[in-house]
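Reproduced below: input26.txt, with compact mmCIF, C-alpha atoms.
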# COMPACT_ATOMS: atom_id res chain seq x y z
CA MET A 765 -2.59 -18.75 6.64
CA ASP A 766 0.09 -20.69 4.86
CA ARG A 767 3.59 -19.28 5.06
CA ARG A 768 5.78 -18.31 2.11
CA THR A 769 8.76 -16.14 1.27
CA PRO A 770 8.35 -12.94 3.34
CA ARG A 771 7.42 -9.92 1.29
CA GLY A 772 10.52 -7.86 1.98
CA LEU A 773 13.67 -7.94 4.07
CA THR A 774 15.40 -5.41 6.29
CA ALA A 775 19.17 -5.12 5.87
CA ALA A 776 21.40 -3.49 8.43
CA ALA A 777 23.00 -0.83 6.25
CA THR A 778 21.01 -0.60 3.04
CA VAL A 779 17.36 -1.15 3.70
CA THR A 780 15.53 -3.27 1.16
CA VAL A 781 11.95 -3.52 2.32
CA ALA A 782 8.80 -5.02 0.98
CA LEU A 783 5.68 -6.11 1.24
CA PHE A 784 -4.84 -0.95 5.51
CA ALA A 785 -10.21 -1.00 6.04
CA LEU A 786 -11.44 1.05 7.71
CA ALA A 787 -14.83 2.50 8.50
CA GLY A 788 -15.81 4.42 5.38
CA PRO A 789 -13.97 6.37 2.70
CA ALA A 790 -11.66 9.29 3.35
CA THR A 791 -12.80 12.73 2.30
CA ALA A 792 -9.81 13.39 0.08
CA SER A 793 -11.07 14.01 -3.43
CA VAL A 794 -10.16 12.25 -6.66
CA PRO A 795 -9.16 14.91 -9.19
CA SER A 796 -11.61 15.24 -12.03
CA ALA A 797 -10.15 14.08 -15.33
CA PRO A 798 -10.64 15.71 -18.71
CA ALA A 799 -12.31 13.44 -21.22
CA ALA A 800 -9.24 13.54 -23.44
CA LEU A 801 -7.07 11.63 -20.97
CA PRO A 802 -6.09 8.09 -22.00
CA ARG A 803 -8.26 5.25 -20.76
CA ALA A 804 -6.92 2.06 -19.26
CA ARG A 805 -8.19 -1.29 -18.01
CA VAL A 806 -7.27 -2.16 -14.42
CA PHE A 807 -8.50 -4.44 -11.68
CA MET A 808 -10.89 -2.86 -9.18
CA VAL A 809 -8.21 -3.20 -6.49
CA ASN A 810 -8.07 -6.95 -7.07
CA PRO A 811 -10.42 -9.55 -8.58
CA VAL A 812 -11.02 -11.50 -5.37
CA GLN A 813 -12.03 -8.36 -3.53
CA SER A 814 -14.35 -7.08 -6.25
CA SER A 815 -15.97 -10.45 -7.04
CA GLY A 816 -15.94 -12.16 -3.65
CA ALA A 817 -14.86 -15.35 -5.43
CA GLN A 818 -12.41 -17.21 -3.19
CA THR A 819 -12.00 -19.96 -5.79
CA LEU A 820 -10.11 -17.83 -8.32
CA THR A 821 -6.66 -19.11 -9.23
CA ASP A 822 -3.76 -17.75 -11.24
CA ALA A 823 -3.89 -20.44 -13.96
CA LYS A 824 -0.54 -19.28 -15.36
CA ASP A 825 -1.73 -15.75 -16.19
CA ALA A 826 -4.66 -17.00 -18.28
CA ALA A 827 -7.10 -14.23 -19.16
CA ALA A 828 -10.03 -16.62 -18.74
CA ALA A 829 -9.10 -17.27 -15.09
CA VAL A 830 -10.57 -13.92 -14.06
CA PRO A 831 -14.06 -12.67 -15.02
CA THR A 832 -14.29 -9.58 -17.19
CA SER A 833 -16.42 -8.02 -14.46
CA ALA A 834 -13.27 -7.72 -12.30
CA TYR A 835 -11.90 -5.02 -14.61
CA ALA A 836 -12.80 -1.34 -14.76
CA MET A 837 -11.97 1.38 -17.26
CA VAL A 838 -10.17 4.33 -15.69
CA THR A 839 -8.35 7.44 -16.82
CA LEU A 840 -4.57 7.62 -16.58
CA ARG A 841 -3.82 10.97 -14.96
CA ASN A 842 -0.64 13.03 -14.69
CA LEU A 843 1.08 11.43 -17.70
CA ASP A 844 3.84 13.28 -19.53
CA ALA A 845 3.97 13.65 -23.31
CA THR A 846 6.15 10.60 -24.05
CA GLY A 847 3.25 8.26 -24.87
CA GLY A 848 4.49 5.73 -22.33
CA LEU A 849 3.73 5.07 -18.69
CA SER A 850 5.68 8.01 -17.37
CA GLY A 851 4.29 10.93 -15.44
CA LYS A 852 4.35 13.29 -12.50
CA TRP A 853 4.07 10.68 -9.76
CA ALA A 854 5.12 7.39 -11.37
CA TYR A 855 7.06 5.90 -14.25
CA VAL A 856 7.74 2.37 -15.41
CA ARG A 857 11.51 2.14 -15.65
CA SER A 858 11.75 -1.41 -17.02
CA ASP A 859 9.43 -4.29 -17.71
CA THR A 860 8.98 -7.73 -19.21
CA GLY A 861 7.94 -7.76 -22.84
CA ALA A 862 7.22 -4.64 -24.85
CA SER A 863 6.62 -1.42 -22.98
CA ALA A 864 3.00 -0.37 -22.86
CA ASN A 865 1.82 2.46 -25.07
CA VAL A 866 -0.87 4.46 -23.31
CA ALA A 867 -2.94 4.50 -26.50
CA ASP A 868 -3.41 0.73 -26.06
CA ALA A 869 -3.89 0.70 -22.28
CA GLY A 870 -7.60 -0.03 -22.51
CA ALA A 871 -7.08 -3.28 -24.38
CA PHE A 872 -4.77 -5.23 -22.07
CA THR A 873 -5.82 -8.15 -19.87
CA ARG A 874 -3.84 -10.01 -17.23
CA ALA A 875 -2.51 -12.32 -19.95
CA ASP A 876 -0.51 -9.37 -21.33
CA ASP A 877 2.76 -8.26 -19.75
CA GLN A 878 1.66 -4.69 -20.32
CA PHE A 879 -1.32 -5.09 -17.96
CA GLU A 880 0.93 -5.12 -14.88
CA GLN A 881 2.71 -2.04 -16.19
CA VAL A 882 -0.61 -0.20 -16.40
CA MET A 883 -1.65 -1.42 -12.96
CA ALA A 884 1.58 -0.19 -11.38
CA TYR A 885 1.31 3.24 -12.97
CA PHE A 886 -2.36 3.66 -12.03
CA TRP A 887 -2.06 2.54 -8.39
CA VAL A 888 1.15 4.44 -7.62
CA ASN A 889 -0.43 7.57 -9.08
CA GLU A 890 -3.63 6.84 -7.12
CA ALA A 891 -1.71 6.53 -3.86
CA GLN A 892 0.15 9.81 -4.31
CA GLU A 893 -3.06 11.59 -5.34
CA TYR A 894 -4.64 10.29 -2.15
CA LEU A 895 -1.80 11.78 -0.09
CA GLN A 896 -2.03 15.02 -2.04
CA GLY A 897 -5.75 15.13 -1.27
CA LEU A 898 -4.92 14.91 2.43
CA GLY A 899 -2.77 18.02 2.09
CA PHE A 900 0.68 16.48 1.76
CA GLY A 901 2.57 18.59 -0.72
CA SER A 902 0.50 21.71 -0.06
CA GLU A 903 -0.38 22.64 3.53
CA LEU A 904 1.74 19.75 4.85
CA PRO A 905 5.17 18.58 3.68
CA GLY A 906 5.24 16.40 0.60
CA ALA A 907 5.38 12.65 1.20
CA ASN A 908 7.27 11.06 -1.70
CA ASP A 909 5.84 13.69 -4.04
CA ARG A 910 8.07 12.79 -6.97
CA ALA A 911 7.97 10.44 -9.93
CA GLN A 912 8.34 6.98 -8.38
CA PRO A 913 10.29 4.53 -10.57
CA VAL A 914 8.98 0.97 -10.77
CA ARG A 915 10.26 -2.18 -12.41
CA ILE A 916 7.70 -4.80 -13.45
CA ASN A 917 8.24 -8.58 -13.30
CA GLN A 918 11.95 -7.98 -12.81
CA TRP A 919 12.20 -10.28 -9.82
CA GLY A 920 11.78 -13.99 -10.46
CA ALA A 921 10.51 -14.88 -6.99
CA ASP A 922 6.99 -14.37 -5.67
CA ASN A 923 8.12 -11.27 -3.84
CA SER A 924 8.28 -7.51 -4.28
CA PHE A 925 10.34 -4.87 -2.56
CA PHE A 926 11.38 -1.24 -2.30
CA SER A 927 15.12 -0.62 -2.40
CA ASP A 928 16.59 2.60 -1.05
CA LYS A 929 19.71 2.18 -3.23
CA LYS A 930 17.83 3.56 -6.23
CA SER A 931 14.60 4.52 -4.44
CA GLU A 932 12.73 2.20 -6.75
CA ILE A 933 10.09 -0.49 -6.40
CA ARG A 934 10.48 -3.90 -8.00
CA PHE A 935 7.47 -6.14 -8.48
CA GLY A 936 7.99 -9.87 -8.71
CA LYS A 937 6.22 -12.75 -10.36
CA GLY A 938 5.45 -16.31 -9.40
CA GLY A 939 1.93 -17.37 -8.60
CA VAL A 940 -0.15 -14.25 -9.16
CA ASP A 941 2.16 -11.60 -10.60
CA ASP A 942 2.47 -9.09 -7.77
CA ALA A 943 1.58 -6.03 -9.84
CA GLU A 944 -1.84 -7.56 -10.57
CA ASP A 945 -2.96 -6.73 -7.02
CA GLY A 946 -3.53 -3.04 -6.29
CA GLU A 947 -2.95 -3.59 -2.58
CA VAL A 948 0.49 -5.12 -3.18
CA ILE A 949 1.42 -2.15 -5.34
CA VAL A 950 0.31 0.39 -2.73
CA HIS A 951 1.94 -1.57 0.08
CA GLU A 952 5.30 -1.25 -1.64
CA TYR A 953 4.61 2.42 -2.28
CA GLY A 954 4.14 2.80 1.47
CA HIS A 955 7.79 1.84 1.92
CA ALA A 956 8.78 4.49 -0.62
CA VAL A 957 6.78 7.06 1.34
CA HIS A 958 8.49 6.11 4.60
CA ASN A 959 11.94 6.28 3.02
CA ALA A 960 11.21 9.69 1.49
CA GLN A 961 10.11 10.98 4.88
CA VAL A 962 12.99 9.39 6.82
CA PRO A 963 15.87 8.25 4.58
CA GLY A 964 16.96 4.72 5.46
CA PHE A 965 13.87 4.05 7.55
CA GLY A 966 13.62 0.56 8.99
CA THR A 967 17.07 -0.18 10.42
CA SER A 968 15.75 -1.83 13.60
CA PRO A 969 13.30 -4.73 13.95
CA GLU A 970 10.58 -2.51 15.40
CA ALA A 971 11.06 0.18 12.76
CA GLY A 972 10.91 -2.53 10.11
CA ALA A 973 7.64 -3.79 11.59
CA ILE A 974 6.22 -0.25 11.57
CA GLY A 975 7.15 -0.01 7.89
CA GLU A 976 5.33 -3.24 7.05
CA ALA A 977 2.31 -2.14 9.06
CA PHE A 978 2.07 1.23 7.35
CA GLY A 979 2.35 -0.43 3.94
CA ASP A 980 -0.55 -2.74 4.79
CA TYR A 981 -2.61 0.12 6.21
CA LEU A 982 -1.99 2.41 3.26
CA ALA A 983 -2.84 -0.37 0.81
CA VAL A 984 -6.24 -1.05 2.35
CA GLU A 985 -6.93 2.65 2.82
CA VAL A 986 -6.18 3.67 -0.77
CA GLY A 987 -8.13 0.67 -2.07
CA SER A 988 -11.07 1.55 0.17
CA PHE A 989 -11.01 5.14 -1.02
CA ALA A 990 -10.87 4.08 -4.67
CA ASP A 991 -13.84 1.72 -4.17
CA ALA A 992 -15.91 4.58 -2.77
CA ALA A 993 -14.70 7.17 -5.26
CA TYR A 994 -15.30 5.06 -8.36
CA GLY A 995 -18.31 3.10 -7.12
CA TRP A 996 -16.51 -0.23 -7.28
CA PRO A 997 -17.87 -3.27 -5.41
CA ARG A 998 -16.06 -4.71 -2.40
CA LYS A 999 -17.20 -8.22 -1.60
CA THR A 1000 -14.52 -9.44 0.79
CA ASP A 1001 -13.40 -8.44 4.25
CA LEU A 1002 -11.92 -4.95 4.17
CA ALA A 1003 -9.33 -5.76 6.84
CA CYS A 1004 -7.78 -8.46 4.63
CA VAL A 1005 -4.70 -7.36 2.70
CA ALA A 1006 -3.89 -8.54 -0.86
CA ASP A 1007 -6.67 -11.11 -1.31
CA TRP A 1008 -5.71 -11.85 -4.93
CA ASP A 1009 -1.96 -12.13 -4.50
CA ALA A 1010 -2.56 -14.48 -1.55
CA VAL A 1011 -4.52 -17.12 -3.47
CA THR A 1012 -1.39 -19.15 -4.22
CA TYR A 1013 -0.13 -19.35 -0.63
CA SER A 1014 -3.13 -19.09 1.72
CA SER A 1015 -6.32 -20.98 2.37
CA ALA A 1016 -9.70 -19.33 1.79
CA PRO A 1017 -10.61 -16.68 2.69
CA HIS A 1018 -7.33 -15.54 1.17
CA CYS A 1019 -5.29 -12.87 2.98
CA LEU A 1020 -1.64 -11.91 3.01
CA ARG A 1021 -2.13 -10.28 6.42
CA ARG A 1022 -4.86 -8.46 8.35
CA VAL A 1023 -5.07 -5.03 9.96
CA ASP A 1024 -7.67 -5.96 12.60
CA GLY A 1025 -5.82 -8.61 14.58
CA ASN A 1026 -5.50 -8.79 18.35
CA LYS A 1027 -1.73 -8.97 18.75
CA VAL A 1028 -0.11 -6.94 21.51
CA TYR A 1029 3.48 -5.92 22.15
CA ALA A 1030 4.26 -9.08 24.10
CA ASP A 1031 3.37 -11.14 21.00
CA ARG A 1032 6.41 -9.93 19.05
CA GLU A 1033 8.23 -12.69 17.16
CA GLY A 1034 11.15 -10.72 15.78
CA GLU A 1035 9.82 -11.01 12.21
CA VAL A 1036 8.81 -7.65 10.76
CA HIS A 1037 5.69 -8.76 8.88
CA ALA A 1038 4.26 -10.66 11.83
CA ASP A 1039 5.12 -7.92 14.32
CA GLY A 1040 3.74 -5.30 11.97
CA GLU A 1041 0.24 -6.59 12.71
CA ILE A 1042 0.56 -5.03 16.18
CA TRP A 1043 1.15 -1.57 14.72
CA SER A 1044 -1.35 -1.86 11.84
CA ARG A 1045 -4.14 -2.68 14.33
CA ALA A 1046 -3.29 0.51 16.23
CA LEU A 1047 -3.51 2.50 12.98
CA PHE A 1048 -6.81 0.81 12.19
CA ASP A 1049 -8.18 1.80 15.59
CA ILE A 1050 -6.98 5.39 15.21
CA ARG A 1051 -8.91 5.62 11.96
CA GLY A 1052 -11.97 4.13 13.60
CA ALA A 1053 -11.78 6.74 16.35
CA LEU A 1054 -10.92 9.85 14.32
CA GLY A 1055 -12.27 9.09 10.84
CA ALA A 1056 -10.19 8.52 7.74
CA ARG A 1057 -9.05 12.02 6.86
CA THR A 1058 -8.05 13.14 10.33
CA ALA A 1059 -6.39 9.82 11.17
CA ASP A 1060 -4.39 9.64 7.97
CA ARG A 1061 -3.19 13.22 8.25
CA VAL A 1062 -1.95 12.49 11.77
CA ILE A 1063 -0.44 9.09 10.93
CA VAL A 1064 1.50 10.24 7.89
CA ASN A 1065 2.53 13.59 9.35
CA ALA A 1066 3.87 11.91 12.48
CA GLN A 1067 6.19 9.77 10.40
CA PHE A 1068 8.33 12.79 9.52
CA GLY A 1069 9.42 12.74 13.18
CA PHE A 1070 10.45 9.07 13.29
CA ALA A 1071 14.07 7.98 13.47
CA PRO A 1072 15.36 5.33 11.02
CA ASP A 1073 15.61 2.86 13.91
CA THR A 1074 12.58 4.07 15.88
CA SER A 1075 10.98 1.87 18.51
CA PHE A 1076 7.25 1.22 18.88
CA GLN A 1077 7.30 3.37 22.02
CA ASP A 1078 9.03 6.36 20.45
CA ALA A 1079 6.90 6.20 17.28
CA ALA A 1080 3.70 5.98 19.36
CA LEU A 1081 4.71 8.97 21.48
CA THR A 1082 5.53 10.96 18.34
CA THR A 1083 2.14 10.09 16.82
CA ILE A 1084 0.31 11.11 20.00
CA ALA A 1085 2.17 14.43 20.08
CA THR A 1086 1.36 15.02 16.42
CA ALA A 1087 -2.35 14.44 17.06
CA GLN A 1088 -2.20 16.88 19.98
CA ARG A 1089 -0.50 19.53 17.84
CA MET A 1090 -2.82 19.12 14.87
CA TYR A 1091 -6.20 18.44 16.47
CA GLY A 1092 -5.99 18.89 20.22
CA ALA A 1093 -6.35 16.83 23.38
CA SER A 1094 -9.33 14.71 22.33
CA ALA A 1095 -7.58 13.45 19.20
CA ALA A 1096 -4.38 12.83 21.12
CA ASP A 1097 -6.27 10.77 23.69
CA ALA A 1098 -7.86 8.64 20.96
CA VAL A 1099 -4.43 7.94 19.50
CA ARG A 1100 -3.05 7.18 22.95
CA GLN A 1101 -5.82 4.66 23.63
CA ALA A 1102 -5.15 2.86 20.35
CA PHE A 1103 -1.49 2.33 21.25
CA LYS A 1104 -2.30 1.53 24.87
CA ALA A 1105 -4.62 -1.25 23.70
CA ARG A 1106 -1.63 -2.82 21.93
CA GLN A 1107 0.19 -2.68 25.30
CA ILE A 1108 3.08 -0.68 23.87
CA PRO A 1109 5.50 0.17 26.72
CA GLY A 1110 5.41 3.69 28.10
CA ILE A 1111 1.93 4.53 26.78
CA GLN A 1112 -0.38 5.44 29.64

Re-express the file's structure as structure tokens.
Amino acid sequence: MDRRTPRGLTAAATVTVALFALAGPATASVPSAPAALPRARVFMVNPVQSSGAQTLTDAKDAAAAVPTSAYAMVTLRNLDATGGLSGKWAYVRSDTGASANVADAGAFTRADDQFEQVMAYFWVNEAQEYLQGLGFGSELPGANDRAQPVRINQWGADNSFFSDKKSEIRFGKGGVDDAEDGEVIVHEYGHAVHNAQVPGFGTSPEAGAIGEAFGDYLAVEVGSFADAAYGWPRKTDLACVADWDAVTYSSAPHCLRRVDGNKVYADREGEVHADGEIWSRALFDIRGALGARTADRVIVNAQFGFAPDTSFQDAALTTIATAQRMYGASAADAVRQAFKARQIPGIQ
């Protein structure tokens, strides 16, 4: 895969982080929506994934560059009464061009600045609803269960990031605008989840890598769940992250990163995105062993016990202990084997 500007950086004091698959959909439910809710046009995760077409290109945001079959009509849930993209779990704080009115959300295409605004609202809301469906915010502690602010096309580089200064997500442009890919949006939301669970998370190289890994895992998982819940097609490899965003900087088949690689602890490079592929493969294997719902409840719940500068070893031990507490010895052993296969020190 061709290299480009890393999707996110880890600073020593103020963490500014950026940019999941798995064997079948989770059992968390999508809330039913009253017919009166506004309708919107979004990509079915992303157009490469839903079409299987590896030849798609950005073509400077041209509407004709993407087939109409890549879009789906969805309901916009949890909106407030303002008429804009503001609601219980997400709100668009600033944007390029005119702010989207929800009454027009079904008419936008990728050629419109408002399309990325709609995408960001929908996918952030989708991600939090997924976590809510797993019990976070009810039987388990809430995981970023607040209105997440986002800024659209406010970063001129082909990069996006979560900043803990204002607890907001900024989506960049350049090549494919980042907020056109549902997996990029959810990846960044994964950083917001981590920071809400452990303020300032990611202050060591290994913690930063864990953050990137969880973002990738969550992105693929939420996209996989949406595909199953809405009956959307998936025509590319599920383990590939951000197929559409990656078309401008990778060769076909396009992937930003993967969650099914074979890296082990000794393969660390000291770069958080590359090293994150060690941790994301462990998460992938946990899901394969326990199933989506059980795995994701363990994975997310364990993160409440991480330190901001956690190591792979300490985070793995915390996740194993969480599996033991929640589901018993068999689940804990499955989690242990997933980390052991990545040769993480101290995991026997």

Nearest to Thr1012 (chain A) by atom-to-atom distance, counting only C-alpha atoms, from A:Asp942, A:Asp980, A:Asp909, A:Asp991: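 Under the stated criterion, the closest residue is A:Asp942.
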
Separation of CA of Trp853 (chain A) from CA of Thr1083 (chain A) in Å: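 CA of Trp853 (chain A) lies at a distance of 26.7 Å from CA of Thr1083 (chain A).
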
Within 10 Å of Pro905 (chain A) using all atoms listed in the file, minus same-chain residues under 6 positions, as a ChimeraX atom specification: /A:896,899,961,1065,1068

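Of note, CA of Pro969 (chain A) and CA of Ile1111 (chain A) are spaced 19.5 Å apart.
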
Given all atoms listed in the file as the counted atoms, nearest of A:Glu1041, A:Ile949, A:Lys999, A:Pro963 to Ala834 (chain A):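 Distance minimum relative to Ala834 (chain A) lands on A:Lys999.
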
Distance in Å - CA of Ala1006 (chain A) versus CA of Phe978 (chain A):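 Computing the Euclidean distance for CA of Ala1006 (chain A) and CA of Phe978 (chain A) yields 14.1 Å.
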
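Ranking A:Glu970, A:Asp1060, A:Asp876, A:Glu1033 by their shortest atom-to-atom distance to Leu1047 (chain A), with all atoms listed in the file included, puts A:Asp1060 first.
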
Which of A:Asn889, A:Gln1088, A:Gln1067, A:Ser863 sits closest to Ala960 (chain A) [using all atoms listed in the file]: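 With all atoms listed in the file as the atom set, the closest residue is A:Gln1067.
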